[in-house]
Amino acid sequence: MALLEARGLQAQYGWTKVLHGIDFAVEEGGITTILGANGAGKTTTLRAVCGMVRTAGEIRFAGQRINGRATEDLVRLGIGHAPEGRGTFVNLTVEENLRLGAYARSGGGSVAQDLERVYGYFPVLAQRKKQAGGTLSGGEQQMLAVARALMLRPRLLLLDEPSLGLAPLVVREILRIVRTINREERVSVLLVEQNAAVALGLAQHAYLMETGRVVMSGPAAELRQNDAIRRAYLGY
Amino acid sequence: MEVFFQQVVSGLATGGIYGSVALALVMIYQATDVVNYAQGEMAMFSTYIAWTLLDKGVPYWWAFVLTLVISFAGGVLLERIVIRPVENKPILTIVIVCIGLLVILNSMAGWIYSYIQKPFPSPFPPKPIMLGTVVFGAHDLGAIGVTLVVLAFLYAFFRFTTLGLAMRAAAQNPVSSRLCGIRVGWMLAIGWGLASMVGAVAGMMVAPIVFLDPNMMAGILIYAFASATLGGFTSPGGAVLGGLIVGVIENLVGTYVHFIGTELKLTVALALILVVLVFKPSGLFGRVAVHRV
């Protein structure tokens, strides 16, 4: 069953329509990726899921319709979001950043345990826990964004271009951890990326967006073989 | 030399009060980028509430605590009812709403309680305290103590509680805060509540010195502006320290510079604002704001 499902999803900023009715789904326990160039509407899609932009059409999460609900309430349903630009609280320490991730968490277990858990995934954050978030490197801030979202113990993790501006080695490290989290904690993932090579290696299912529409979709392995995608996004 | 020490201590006492009001201003400024011009009148109104309770025979410290609770609730309500509707409007709109609030609170206090000055009791004994050969007013020392307790409480709240952390987060990065599930609007309202509470303490500490009347905070608000400007509008600790410095400077200048005396003391505050804004606009401890445009 799909954990997240969108049908005919439209979104607009003011009078400008950015999504023109797209369909996509994230399977429970799966990793789905949405690929596309700048301005294709990938970030807006994530913002629509989080209730941060006006939408029409339908979004369902775990069977219930979630359109029009406040971002703060959606977080409480278990949707963790590592946003575009990483959303670091630059003047707060790394540990405070992480504690904020657990702010809306429901269910048992101590925050201290969860801190240990995410420090296990990202040892570099443990070394930096007393440092202000703004002093971290880009890669470390991306790790912080993912770790902060994990503190929620999410059912669904939304990742907005985690590869942006980072060295290939760092990207590989972050995505390796995302895969581990997906496998071991059964967290479903919706990954939005420009870097198709990286995203198609991780996801089971992929969508390709152009100017606010889904133009192609299918199993990631199939899209990787597709000639048009290879030429336009993989570069060989 | 004794006069000097006395003036410094009583300067610290009033300075603590300026610092408290400055802190209230800074707390709201940090969260919303708005200077709450009604902060002084809110404090004045809180002090009238304390006066009403005392008048009904409630013991002082009970009245003190009750006033804090009522002021907190009042601050939250004001934010929800008056500020919320203009939250996303240009800053000028919010400033004008704050000034409107100032006028309304001032007139309401005058209408309910009249403009006649009322004495307001001090919780501290009237007997002066001798330290060596220097005489200190018990109220001065007490006011310094109360101010320090309030500051310690606020520091602990923001530093060690989850709600305090969430409020700092909401002030810094509202979008990211919402993604953490923080209800940013309510954090602002709680910020107004706390600021109103801090103002109430300042009002109750200053009223025994200046007497209670609807205009009692007008001058103090200007000193508070000077304090916040000196310390830096982006630094809560700086605002308090700024208050203490302003309080001491004000007293020493009033005592030793004869042509200023008590009549021109307020001018010192205004001159200070001007000097700081010209030579170091971010204040002693403030951060220089960098905006991407």
# chains A, B, ... in the order shown; residues from 1 in each chain; ligands from 1

$ residues_around --residues "Glu222 in chain A" --least-positions-apart "5" --cutoff "10 Å" --atoms "only C-alpha atoms" --output "number ranges by chain"
A: 200, 204-206, 217

$ write_last_selection --atoms "N, CA and C atoms" --output "compact mmCIF listing (two decimals), in the first residue's frame"
# COMPACT_ATOMS: atom_id res chain seq x y z
N LEU A 200 18.88 7.60 -8.88
CA LEU A 200 18.39 6.35 -9.47
C LEU A 200 19.11 5.14 -8.88
N GLN A 204 13.77 2.89 -5.62
CA GLN A 204 13.14 1.79 -6.36
C GLN A 204 12.25 2.35 -7.46
N HIS A 205 11.68 3.52 -7.19
CA HIS A 205 10.73 4.06 -8.14
C HIS A 205 11.09 5.52 -8.43
N ALA A 206 10.91 5.92 -9.68
CA ALA A 206 11.33 7.28 -10.04
C ALA A 206 10.30 7.98 -10.91
N SER A 217 7.60 8.05 -15.70
CA SER A 217 7.73 7.40 -14.40
C SER A 217 7.88 5.91 -14.58

$ closest_atom_pairs --of "chain A" --to "chain B" --cutoff "9 Å" --atoms "only C-alpha atoms" --output "CSV"
residue,atom,partner,partner_atom,distance
A:Cys50,CA,B:Leu179,CA,8.0
A:Thr71,CA,B:Arg178,CA,6.4
A:Glu72,CA,B:Gly181,CA,4.2
A:Asp73,CA,B:Gly181,CA,6.9
A:Leu74,CA,B:Gly181,CA,8.0
A:Val75,CA,B:Gly181,CA,5.4
A:Arg76,CA,B:Gly181,CA,6.7
A:Ile79,CA,B:Leu179,CA,8.9
A:Gly80,CA,B:Leu179,CA,7.5
A:His81,CA,B:Leu179,CA,6.6
A:Ala82,CA,B:Leu179,CA,8.5
A:Pro83,CA,B:Ser176,CA,8.0
A:Arg86,CA,B:Ser176,CA,8.7
A:Gly87,CA,B:Ser176,CA,5.3
A:Thr88,CA,B:Ser176,CA,7.4
A:Phe89,CA,B:Asn173,CA,6.4
A:Val90,CA,B:Gln172,CA,8.2
A:Asn91,CA,B:Gln172,CA,7.9
A:Leu92,CA,B:Ala169,CA,7.8
A:Glu96,CA,B:Leu165,CA,7.5
A:Asn97,CA,B:Ala169,CA,8.6
A:Arg99,CA,B:Thr162,CA,8.2
A:Leu100,CA,B:Cys180,CA,6.3
A:Gly101,CA,B:Cys180,CA,5.3
A:Ala102,CA,B:Cys180,CA,7.4
A:Tyr103,CA,B:Cys180,CA,6.4
A:Ala104,CA,B:Gly181,CA,5.2
A:Arg105,CA,B:Gly181,CA,8.5
A:Arg148,CA,B:Cys180,CA,8.2
A:Ala149,CA,B:Cys180,CA,7.7
A:Leu152,CA,B:Cys180,CA,8.0

$ closest_residue --among "B:Ile17, B:Val150, B:Ala195, B:Leu77" --to "Gly219 in chain B" --atoms "only C-alpha atoms"
B:Ile17

$ select_by_dssp --residues "range 16-180 of chain A" --states "alpha helix (DSSP H)" --output "PDB file with N, CA and C atoms, in the first residue's frame"
ATOM      1  N   LYS A  42      10.127  20.485  -8.268  1.00  0.00           N
ATOM      2  CA  LYS A  42      10.450  19.418  -7.301  1.00  0.00           C
ATOM      3  C   LYS A  42      10.295  19.910  -5.859  1.00  0.00           C
ATOM      4  N   THR A  43      10.904  21.049  -5.562  1.00  0.00           N
ATOM      5  CA  THR A  43      10.808  21.579  -4.204  1.00  0.00           C
ATOM      6  C   THR A  43       9.361  21.908  -3.865  1.00  0.00           C
ATOM      7  N   THR A  44       8.644  22.474  -4.834  1.00  0.00           N
ATOM      8  CA  THR A  44       7.242  22.807  -4.605  1.00  0.00           C
ATOM      9  C   THR A  44       6.439  21.551  -4.283  1.00  0.00           C
ATOM     10  N   THR A  45       6.782  20.442  -4.927  1.00  0.00           N
ATOM     11  CA  THR A  45       6.088  19.191  -4.626  1.00  0.00           C
ATOM     12  C   THR A  45       6.251  18.835  -3.146  1.00  0.00           C
ATOM     13  N   LEU A  46       7.488  18.936  -2.651  1.00  0.00           N
ATOM     14  CA  LEU A  46       7.712  18.639  -1.226  1.00  0.00           C
ATOM     15  C   LEU A  46       6.975  19.636  -0.344  1.00  0.00           C
ATOM     16  N   ARG A  47       7.000  20.901  -0.750  1.00  0.00           N
ATOM     17  CA  ARG A  47       6.307  21.926   0.036  1.00  0.00           C
ATOM     18  C   ARG A  47       4.805  21.669   0.059  1.00  0.00           C
ATOM     19  N   ALA A  48       4.294  21.136  -1.056  1.00  0.00           N
ATOM     20  CA  ALA A  48       2.864  20.819  -1.112  1.00  0.00           C
ATOM     21  C   ALA A  48       2.544  19.695  -0.128  1.00  0.00           C
ATOM     22  N   VAL A  49       3.409  18.682  -0.066  1.00  0.00           N
ATOM     23  CA  VAL A  49       3.193  17.571   0.852  1.00  0.00           C
ATOM     24  C   VAL A  49       3.177  18.081   2.292  1.00  0.00           C
ATOM     25  N   THR A  71       1.252  22.712   8.434  1.00  0.00           N
ATOM     26  CA  THR A  71       2.557  22.056   8.462  1.00  0.00           C
ATOM     27  C   THR A  71       2.828  21.413   9.820  1.00  0.00           C
ATOM     28  N   GLU A  72       2.547  22.170  10.895  1.00  0.00           N
ATOM     29  CA  GLU A  72       2.853  21.687  12.239  1.00  0.00           C
ATOM     30  C   GLU A  72       2.108  20.391  12.555  1.00  0.00           C
ATOM     31  N   ASP A  73       0.877  20.263  12.012  1.00  0.00           N
ATOM     32  CA  ASP A  73       0.104  19.048  12.273  1.00  0.00           C
ATOM     33  C   ASP A  73       0.623  17.882  11.448  1.00  0.00           C
ATOM     34  N   LEU A  74       1.068  18.182  10.227  1.00  0.00           N
ATOM     35  CA  LEU A  74       1.587  17.116   9.366  1.00  0.00           C
ATOM     36  C   LEU A  74       2.861  16.532   9.957  1.00  0.00           C
ATOM     37  N   VAL A  75       3.673  17.407  10.572  1.00  0.00           N
ATOM     38  CA  VAL A  75       4.885  16.921  11.238  1.00  0.00           C
ATOM     39  C   VAL A  75       4.496  15.905  12.310  1.00  0.00           C
ATOM     40  N   ARG A  76       3.408  16.190  13.002  1.00  0.00           N
ATOM     41  CA  ARG A  76       2.965  15.286  14.074  1.00  0.00           C
ATOM     42  C   ARG A  76       2.457  13.953  13.549  1.00  0.00           C
ATOM     43  N   LEU A  77       2.102  13.884  12.255  1.00  0.00           N
ATOM     44  CA  LEU A  77       1.712  12.595  11.664  1.00  0.00           C
ATOM     45  C   LEU A  77       2.944  11.753  11.342  1.00  0.00           C
ATOM     46  N   VAL A  94      24.562  22.448  17.568  1.00  0.00           N
ATOM     47  CA  VAL A  94      24.166  21.253  16.824  1.00  0.00           C
ATOM     48  C   VAL A  94      23.181  20.431  17.657  1.00  0.00           C
ATOM     49  N   GLU A  95      23.503  20.273  18.935  1.00  0.00           N
ATOM     50  CA  GLU A  95      22.611  19.465  19.777  1.00  0.00           C
ATOM     51  C   GLU A  95      21.231  20.111  19.943  1.00  0.00           C
ATOM     52  N   GLU A  96      21.211  21.460  20.053  1.00  0.00           N
ATOM     53  CA  GLU A  96      19.905  22.143  20.133  1.00  0.00           C
ATOM     54  C   GLU A  96      19.119  21.965  18.842  1.00  0.00           C
ATOM     55  N   ASN A  97      19.826  22.044  17.699  1.00  0.00           N
ATOM     56  CA  ASN A  97      19.186  21.788  16.414  1.00  0.00           C
ATOM     57  C   ASN A  97      18.502  20.420  16.431  1.00  0.00           C
ATOM     58  N   LEU A  98      19.213  19.424  16.940  1.00  0.00           N
ATOM     59  CA  LEU A  98      18.679  18.063  16.946  1.00  0.00           C
ATOM     60  C   LEU A  98      17.506  17.933  17.920  1.00  0.00           C
ATOM     61  N   ARG A  99      17.623  18.577  19.084  1.00  0.00           N
ATOM     62  CA  ARG A  99      16.527  18.525  20.049  1.00  0.00           C
ATOM     63  C   ARG A  99      15.245  19.099  19.444  1.00  0.00           C
ATOM     64  N   LEU A 100      15.402  20.163  18.647  1.00  0.00           N
ATOM     65  CA  LEU A 100      14.227  20.758  18.009  1.00  0.00           C
ATOM     66  C   LEU A 100      13.557  19.758  17.075  1.00  0.00           C
ATOM     67  N   GLY A 101      14.365  18.887  16.461  1.00  0.00           N
ATOM     68  CA  GLY A 101      13.798  17.866  15.579  1.00  0.00           C
ATOM     69  C   GLY A 101      12.844  16.951  16.327  1.00  0.00           C
ATOM     70  N   VAL A 111      14.614  11.445  24.439  1.00  0.00           N
ATOM     71  CA  VAL A 111      15.317  12.215  23.425  1.00  0.00           C
ATOM     72  C   VAL A 111      16.803  11.858  23.457  1.00  0.00           C
ATOM     73  N   ALA A 112      17.315  11.584  24.671  1.00  0.00           N
ATOM     74  CA  ALA A 112      18.733  11.236  24.798  1.00  0.00           C
ATOM     75  C   ALA A 112      19.070   9.991  23.974  1.00  0.00           C
ATOM     76  N   GLN A 113      18.152   9.013  24.006  1.00  0.00           N
ATOM     77  CA  GLN A 113      18.375   7.801  23.203  1.00  0.00           C
ATOM     78  C   GLN A 113      18.415   8.112  21.716  1.00  0.00           C
ATOM     79  N   ASP A 114      17.493   8.977  21.307  1.00  0.00           N
ATOM     80  CA  ASP A 114      17.455   9.332  19.884  1.00  0.00           C
ATOM     81  C   ASP A 114      18.700  10.098  19.472  1.00  0.00           C
ATOM     82  N   LEU A 115      19.205  10.939  20.391  1.00  0.00           N
ATOM     83  CA  LEU A 115      20.453  11.653  20.087  1.00  0.00           C
ATOM     84  C   LEU A 115      21.565  10.635  19.846  1.00  0.00           C
ATOM     85  N   GLU A 116      21.657   9.642  20.732  1.00  0.00           N
ATOM     86  CA  GLU A 116      22.673   8.602  20.551  1.00  0.00           C
ATOM     87  C   GLU A 116      22.508   7.923  19.202  1.00  0.00           C
ATOM     88  N   ARG A 117      21.256   7.643  18.854  1.00  0.00           N
ATOM     89  CA  ARG A 117      20.956   6.950  17.601  1.00  0.00           C
ATOM     90  C   ARG A 117      21.466   7.758  16.404  1.00  0.00           C
ATOM     91  N   VAL A 118      21.131   9.068  16.361  1.00  0.00           N
ATOM     92  CA  VAL A 118      21.554   9.828  15.166  1.00  0.00           C
ATOM     93  C   VAL A 118      23.059  10.133  15.212  1.00  0.00           C
ATOM     94  N   TYR A 119      23.624  10.257  16.424  1.00  0.00           N
ATOM     95  CA  TYR A 119      25.081  10.426  16.496  1.00  0.00           C
ATOM     96  C   TYR A 119      25.771   9.162  15.985  1.00  0.00           C
ATOM     97  N   GLY A 120      25.109   8.017  16.169  1.00  0.00           N
ATOM     98  CA  GLY A 120      25.651   6.770  15.634  1.00  0.00           C
ATOM     99  C   GLY A 120      25.727   6.814  14.110  1.00  0.00           C
ATOM    100  N   TYR A 121      24.689   7.358  13.490  1.00  0.00           N
ATOM    101  CA  TYR A 121      24.695   7.484  12.029  1.00  0.00           C
ATOM    102  C   TYR A 121      25.696   8.547  11.571  1.00  0.00           C
ATOM    103  N   PRO A 123      28.649  10.384  13.110  1.00  0.00           N
ATOM    104  CA  PRO A 123      29.595  10.626  14.223  1.00  0.00           C
ATOM    105  C   PRO A 123      30.155  12.048  14.219  1.00  0.00           C
ATOM    106  N   VAL A 124      30.265  12.655  13.038  1.00  0.00           N
ATOM    107  CA  VAL A 124      30.841  13.996  12.969  1.00  0.00           C
ATOM    108  C   VAL A 124      29.973  15.004  13.728  1.00  0.00           C
ATOM    109  N   LEU A 125      28.657  14.771  13.763  1.00  0.00           N
ATOM    110  CA  LEU A 125      27.763  15.679  14.500  1.00  0.00           C
ATOM    111  C   LEU A 125      27.999  15.557  16.004  1.00  0.00           C
ATOM    112  N   ALA A 126      28.346  14.364  16.450  1.00  0.00           N
ATOM    113  CA  ALA A 126      28.639  14.176  17.871  1.00  0.00           C
ATOM    114  C   ALA A 126      29.879  14.986  18.263  1.00  0.00           C
ATOM    115  N   GLN A 127      30.865  15.006  17.360  1.00  0.00           N
ATOM    116  CA  GLN A 127      32.078  15.788  17.643  1.00  0.00           C
ATOM    117  C   GLN A 127      31.777  17.274  17.697  1.00  0.00           C
ATOM    118  N   GLY A 138      29.030  22.726   4.576  1.00  0.00           N
ATOM    119  CA  GLY A 138      27.800  22.414   3.850  1.00  0.00           C
ATOM    120  C   GLY A 138      27.387  20.961   4.029  1.00  0.00           C
ATOM    121  N   GLY A 139      28.353  20.060   3.916  1.00  0.00           N
ATOM    122  CA  GLY A 139      28.048  18.638   4.054  1.00  0.00           C
ATOM    123  C   GLY A 139      27.553  18.309   5.455  1.00  0.00           C
ATOM    124  N   GLU A 140      28.205  18.902   6.448  1.00  0.00           N
ATOM    125  CA  GLU A 140      27.799  18.656   7.836  1.00  0.00           C
ATOM    126  C   GLU A 140      26.403  19.211   8.095  1.00  0.00           C
ATOM    127  N   GLN A 141      26.114  20.384   7.481  1.00  0.00           N
ATOM    128  CA  GLN A 141      24.770  20.954   7.667  1.00  0.00           C
ATOM    129  C   GLN A 141      23.715  20.080   7.006  1.00  0.00           C
ATOM    130  N   GLN A 142      24.080  19.458   5.866  1.00  0.00           N
ATOM    131  CA  GLN A 142      23.136  18.547   5.228  1.00  0.00           C
ATOM    132  C   GLN A 142      22.894  17.338   6.123  1.00  0.00           C
ATOM    133  N   MET A 143      23.963  16.838   6.732  1.00  0.00           N
ATOM    134  CA  MET A 143      23.809  15.719   7.678  1.00  0.00           C
ATOM    135  C   MET A 143      22.926  16.139   8.841  1.00  0.00           C
ATOM    136  N   LEU A 144      23.142  17.377   9.311  1.00  0.00           N
ATOM    137  CA  LEU A 144      22.353  17.897  10.418  1.00  0.00           C
ATOM    138  C   LEU A 144      20.873  17.950  10.036  1.00  0.00           C
ATOM    139  N   ALA A 145      20.593  18.366   8.797  1.00  0.00           N
ATOM    140  CA  ALA A 145      19.206  18.457   8.344  1.00  0.00           C
ATOM    141  C   ALA A 145      18.556  17.076   8.338  1.00  0.00           C
ATOM    142  N   VAL A 146      19.277  16.091   7.834  1.00  0.00           N
ATOM    143  CA  VAL A 146      18.734  14.730   7.814  1.00  0.00           C
ATOM    144  C   VAL A 146      18.571  14.216   9.241  1.00  0.00           C
ATOM    145  N   ALA A 147      19.593  14.464  10.071  1.00  0.00           N
ATOM    146  CA  ALA A 147      19.549  13.991  11.458  1.00  0.00           C
ATOM    147  C   ALA A 147      18.397  14.648  12.217  1.00  0.00           C
ATOM    148  N   ARG A 148      18.176  15.946  11.958  1.00  0.00           N
ATOM    149  CA  ARG A 148      17.091  16.652  12.637  1.00  0.00           C
ATOM    150  C   ARG A 148      15.745  16.035  12.270  1.00  0.00           C
ATOM    151  N   ALA A 149      15.589  15.729  10.974  1.00  0.00           N
ATOM    152  CA  ALA A 149      14.342  15.096  10.540  1.00  0.00           C
ATOM    153  C   ALA A 149      14.193  13.716  11.175  1.00  0.00           C
ATOM    154  N   LEU A 150      15.308  13.004  11.367  1.00  0.00           N
ATOM    155  CA  LEU A 150      15.243  11.662  11.961  1.00  0.00           C
ATOM    156  C   LEU A 150      14.847  11.695  13.426  1.00  0.00           C
ATOM    157  N   PRO A 168      31.229  14.744  -4.171  1.00  0.00           N
ATOM    158  CA  PRO A 168      30.670  13.423  -4.443  1.00  0.00           C
ATOM    159  C   PRO A 168      30.836  12.431  -3.280  1.00  0.00           C
ATOM    160  N   LEU A 169      31.986  12.501  -2.622  1.00  0.00           N
ATOM    161  CA  LEU A 169      32.211  11.570  -1.503  1.00  0.00           C
ATOM    162  C   LEU A 169      31.224  11.798  -0.379  1.00  0.00           C
ATOM    163  N   VAL A 170      30.961  13.079  -0.087  1.00  0.00           N
ATOM    164  CA  VAL A 170      30.030  13.431   0.990  1.00  0.00           C
ATOM    165  C   VAL A 170      28.619  12.991   0.617  1.00  0.00           C
ATOM    166  N   VAL A 171      28.257  13.221  -0.659  1.00  0.00           N
ATOM    167  CA  VAL A 171      26.931  12.818  -1.133  1.00  0.00           C
ATOM    168  C   VAL A 171      26.754  11.315  -0.954  1.00  0.00           C
ATOM    169  N   ARG A 172      27.781  10.556  -1.359  1.00  0.00           N
ATOM    170  CA  ARG A 172      27.688   9.102  -1.249  1.00  0.00           C
ATOM    171  C   ARG A 172      27.506   8.693   0.211  1.00  0.00           C
ATOM    172  N   GLU A 173      28.238   9.347   1.102  1.00  0.00           N
ATOM    173  CA  GLU A 173      28.149   9.033   2.527  1.00  0.00           C
ATOM    174  C   GLU A 173      26.730   9.286   3.062  1.00  0.00           C
ATOM    175  N   ILE A 174      26.183  10.453   2.707  1.00  0.00           N
ATOM    176  CA  ILE A 174      24.846  10.788   3.198  1.00  0.00           C
ATOM    177  C   ILE A 174      23.812   9.797   2.666  1.00  0.00           C
ATOM    178  N   LEU A 175      23.923   9.471   1.386  1.00  0.00           N
ATOM    179  CA  LEU A 175      22.915   8.584   0.799  1.00  0.00           C
ATOM    180  C   LEU A 175      23.070   7.143   1.310  1.00  0.00           C
ATOM    181  N   ARG A 176      24.304   6.773   1.635  1.00  0.00           N
ATOM    182  CA  ARG A 176      24.507   5.447   2.229  1.00  0.00           C
ATOM    183  C   ARG A 176      23.739   5.370   3.561  1.00  0.00           C
ATOM    184  N   ILE A 177      23.798   6.459   4.309  1.00  0.00           N
ATOM    185  CA  ILE A 177      23.102   6.482   5.596  1.00  0.00           C
ATOM    186  C   ILE A 177      21.588   6.475   5.397  1.00  0.00           C
ATOM    187  N   VAL A 178      21.130   7.209   4.381  1.00  0.00           N
ATOM    188  CA  VAL A 178      19.688   7.213   4.090  1.00  0.00           C
ATOM    189  C   VAL A 178      19.230   5.791   3.773  1.00  0.00           C
ATOM    190  N   ARG A 179      20.033   5.060   3.013  1.00  0.00           N
ATOM    191  CA  ARG A 179      19.670   3.689   2.667  1.00  0.00           C
ATOM    192  C   ARG A 179      19.596   2.831   3.942  1.00  0.00           C
ATOM    193  N   THR A 180      20.570   3.009   4.824  1.00  0.00           N
ATOM    194  CA  THR A 180      20.586   2.241   6.081  1.00  0.00           C
ATOM    195  C   THR A 180      19.341   2.526   6.909  1.00  0.00           C
TER     196      THR A 180
END

$ select_by_dssp --residues "range 2-213 of chain A" --states "strand (DSSP E or B)" --output "ChimeraX atom specification"
/A:2-13,16-27,31-36,54-61,64-65,79-82,93,132,156-160,188-193,205-210,213

$ closest_residue --among "A:Arg60, A:Tyr233, A:Glu84, A:Ala2" --to "Ile31 in chain A" --atoms "only C-alpha atoms"
A:Ala2

$ atom_distance --atom1 "CA of Ala25 in chain A" --atom2 "CA of Leu3 in chain A"
7.5 Å

$ residues_around --residues "Ala200 in chain B" --least-positions-apart "4" --cutoff "8 Å" --atoms "only C-alpha atoms" --output "PyMOL selection string"
chain B and resi 42-44+46-47+67-68+71+196+204

$ write_last_selection --atoms "N, CA and C atoms" --output "PDB file, in the first residue's frame"
ATOM      1  N   MET B  42       2.026  48.956  28.832  1.00  0.00           N
ATOM      2  CA  MET B  42       1.613  47.636  29.321  1.00  0.00           C
ATOM      3  C   MET B  42       2.099  47.451  30.757  1.00  0.00           C
ATOM      4  N   ALA B  43       3.342  47.871  31.008  1.00  0.00           N
ATOM      5  CA  ALA B  43       3.910  47.741  32.360  1.00  0.00           C
ATOM      6  C   ALA B  43       3.123  48.611  33.342  1.00  0.00           C
ATOM      7  N   MET B  44       2.785  49.824  32.885  1.00  0.00           N
ATOM      8  CA  MET B  44       2.016  50.731  33.736  1.00  0.00           C
ATOM      9  C   MET B  44       0.668  50.104  34.092  1.00  0.00           C
ATOM     10  N   SER B  46      -0.117  46.953  34.144  1.00  0.00           N
ATOM     11  CA  SER B  46       0.120  45.839  35.076  1.00  0.00           C
ATOM     12  C   SER B  46       0.264  46.358  36.490  1.00  0.00           C
ATOM     13  N   THR B  47       0.964  47.485  36.625  1.00  0.00           N
ATOM     14  CA  THR B  47       1.182  48.036  37.958  1.00  0.00           C
ATOM     15  C   THR B  47      -0.144  48.475  38.581  1.00  0.00           C
ATOM     16  N   THR B  67      -0.187  39.407  39.762  1.00  0.00           N
ATOM     17  CA  THR B  67       0.000  40.410  38.713  1.00  0.00           C
ATOM     18  C   THR B  67       0.824  39.829  37.567  1.00  0.00           C
ATOM     19  N   LEU B  68       1.862  39.056  37.916  1.00  0.00           N
ATOM     20  CA  LEU B  68       2.678  38.446  36.863  1.00  0.00           C
ATOM     21  C   LEU B  68       1.835  37.504  36.001  1.00  0.00           C
ATOM     22  N   SER B  71      -0.523  39.560  33.892  1.00  0.00           N
ATOM     23  CA  SER B  71       0.220  40.262  32.843  1.00  0.00           C
ATOM     24  C   SER B  71       0.617  39.309  31.728  1.00  0.00           C
ATOM     25  N   SER B 196       5.565  41.051  28.714  1.00  0.00           N
ATOM     26  CA  SER B 196       4.598  41.773  29.537  1.00  0.00           C
ATOM     27  C   SER B 196       4.865  41.514  31.028  1.00  0.00           C
ATOM     28  N   MET B 204       6.279  47.495  38.923  1.00  0.00           N
ATOM     29  CA  MET B 204       6.065  47.404  40.370  1.00  0.00           C
ATOM     30  C   MET B 204       7.298  47.855  41.153  1.00  0.00           C
TER      31      MET B 204
END

$ closest_residue --among "B:Val34, B:Val149, B:Leu78, B:Val246" --to "Thr93 in chain B" --atoms "only C-alpha atoms"
B:Val34

$ residues_around --residues "Gly29 in chain A" --least-positions-apart "2" --cutoff "9 Å" --atoms "only C-alpha atoms" --output "PyMOL selection string"
chain A and resi 3+26-27+31+155-156+182-183+185-189

$ write_last_selection --atoms "C-alpha atoms" --output "PDB file, in the first residue's frame"
ATOM      1  CA  LEU A   3       2.132   5.536   2.332  1.00  0.00           C
ATOM      2  CA  VAL A  26       5.688   6.523  -2.160  1.00  0.00           C
ATOM      3  CA  GLU A  27       5.334   2.888  -1.086  1.00  0.00           C
ATOM      4  CA  ILE A  31      12.397   4.977  -1.624  1.00  0.00           C
ATOM      5  CA  ARG A 155       7.355   7.436   8.937  1.00  0.00           C
ATOM      6  CA  LEU A 156       8.195   9.408   5.821  1.00  0.00           C
ATOM      7  CA  ASN A 182      15.353   3.056   5.157  1.00  0.00           C
ATOM      8  CA  ARG A 183      16.322  -0.590   5.619  1.00  0.00           C
ATOM      9  CA  GLU A 185      14.061   1.614  10.562  1.00  0.00           C
ATOM     10  CA  ARG A 186      11.615   1.087   7.702  1.00  0.00           C
ATOM     11  CA  VAL A 187      11.425   4.836   7.100  1.00  0.00           C
ATOM     12  CA  SER A 188       9.926   5.559   3.682  1.00  0.00           C
ATOM     13  CA  VAL A 189      11.802   8.177   1.672  1.00  0.00           C
TER      14      VAL A 189
END

$ closest_residue --among "B:Val69, B:Ile91, B:Val275, B:Ile190" --to "Gly164 in chain B" --atoms "only C-alpha atoms"
B:Ile190

$ atom_distance --atom1 "CA of Ala50 in chain B" --atom2 "CA of Leu66 in chain B"
7.9 Å

$ atom_distance --atom1 "CA of Pro85 in chain B" --atom2 "CA of Gly85 in chain A"
29.4 Å

$ decode --residues "range 30-39 of chain A" --atoms "N, CA and C atoms" --output "CSV table (one decimal), in the first residue's frame"
chain,number,residue,atom,x,y,z
A,30,GLY,N,9.5,2.1,1.1
A,30,GLY,CA,10.2,2.3,-0.1
A,30,GLY,C,10.9,3.6,-0.3
A,31,ILE,N,11.8,3.7,-1.3
A,31,ILE,CA,12.4,5.0,-1.6
A,31,ILE,C,11.9,5.4,-3.0
A,32,THR,N,11.4,6.6,-3.1
A,32,THR,CA,10.9,7.1,-4.4
A,32,THR,C,11.7,8.4,-4.7
A,33,THR,N,12.0,8.6,-5.9
A,33,THR,CA,12.7,9.8,-6.2
A,33,THR,C,12.0,10.6,-7.3
A,34,ILE,N,12.0,11.9,-7.2
A,34,ILE,CA,11.5,12.8,-8.2
A,34,ILE,C,12.7,13.5,-8.8
A,35,LEU,N,12.9,13.3,-10.1
A,35,LEU,CA,14.0,14.0,-10.8
A,35,LEU,C,13.5,15.2,-11.6
A,36,GLY,N,14.4,16.1,-11.9
A,36,GLY,CA,14.1,17.2,-12.7
A,36,GLY,C,15.1,18.3,-12.7
A,37,ALA,N,15.1,19.2,-13.6
A,37,ALA,CA,16.0,20.3,-13.7
A,37,ALA,C,15.5,21.4,-12.7
A,38,ASN,N,16.3,22.4,-12.6
A,38,ASN,CA,15.9,23.6,-11.8
A,38,ASN,C,14.6,24.1,-12.3
A,39,GLY,N,13.7,24.4,-11.4
A,39,GLY,CA,12.4,25.0,-11.8
A,39,GLY,C,11.4,24.0,-12.3
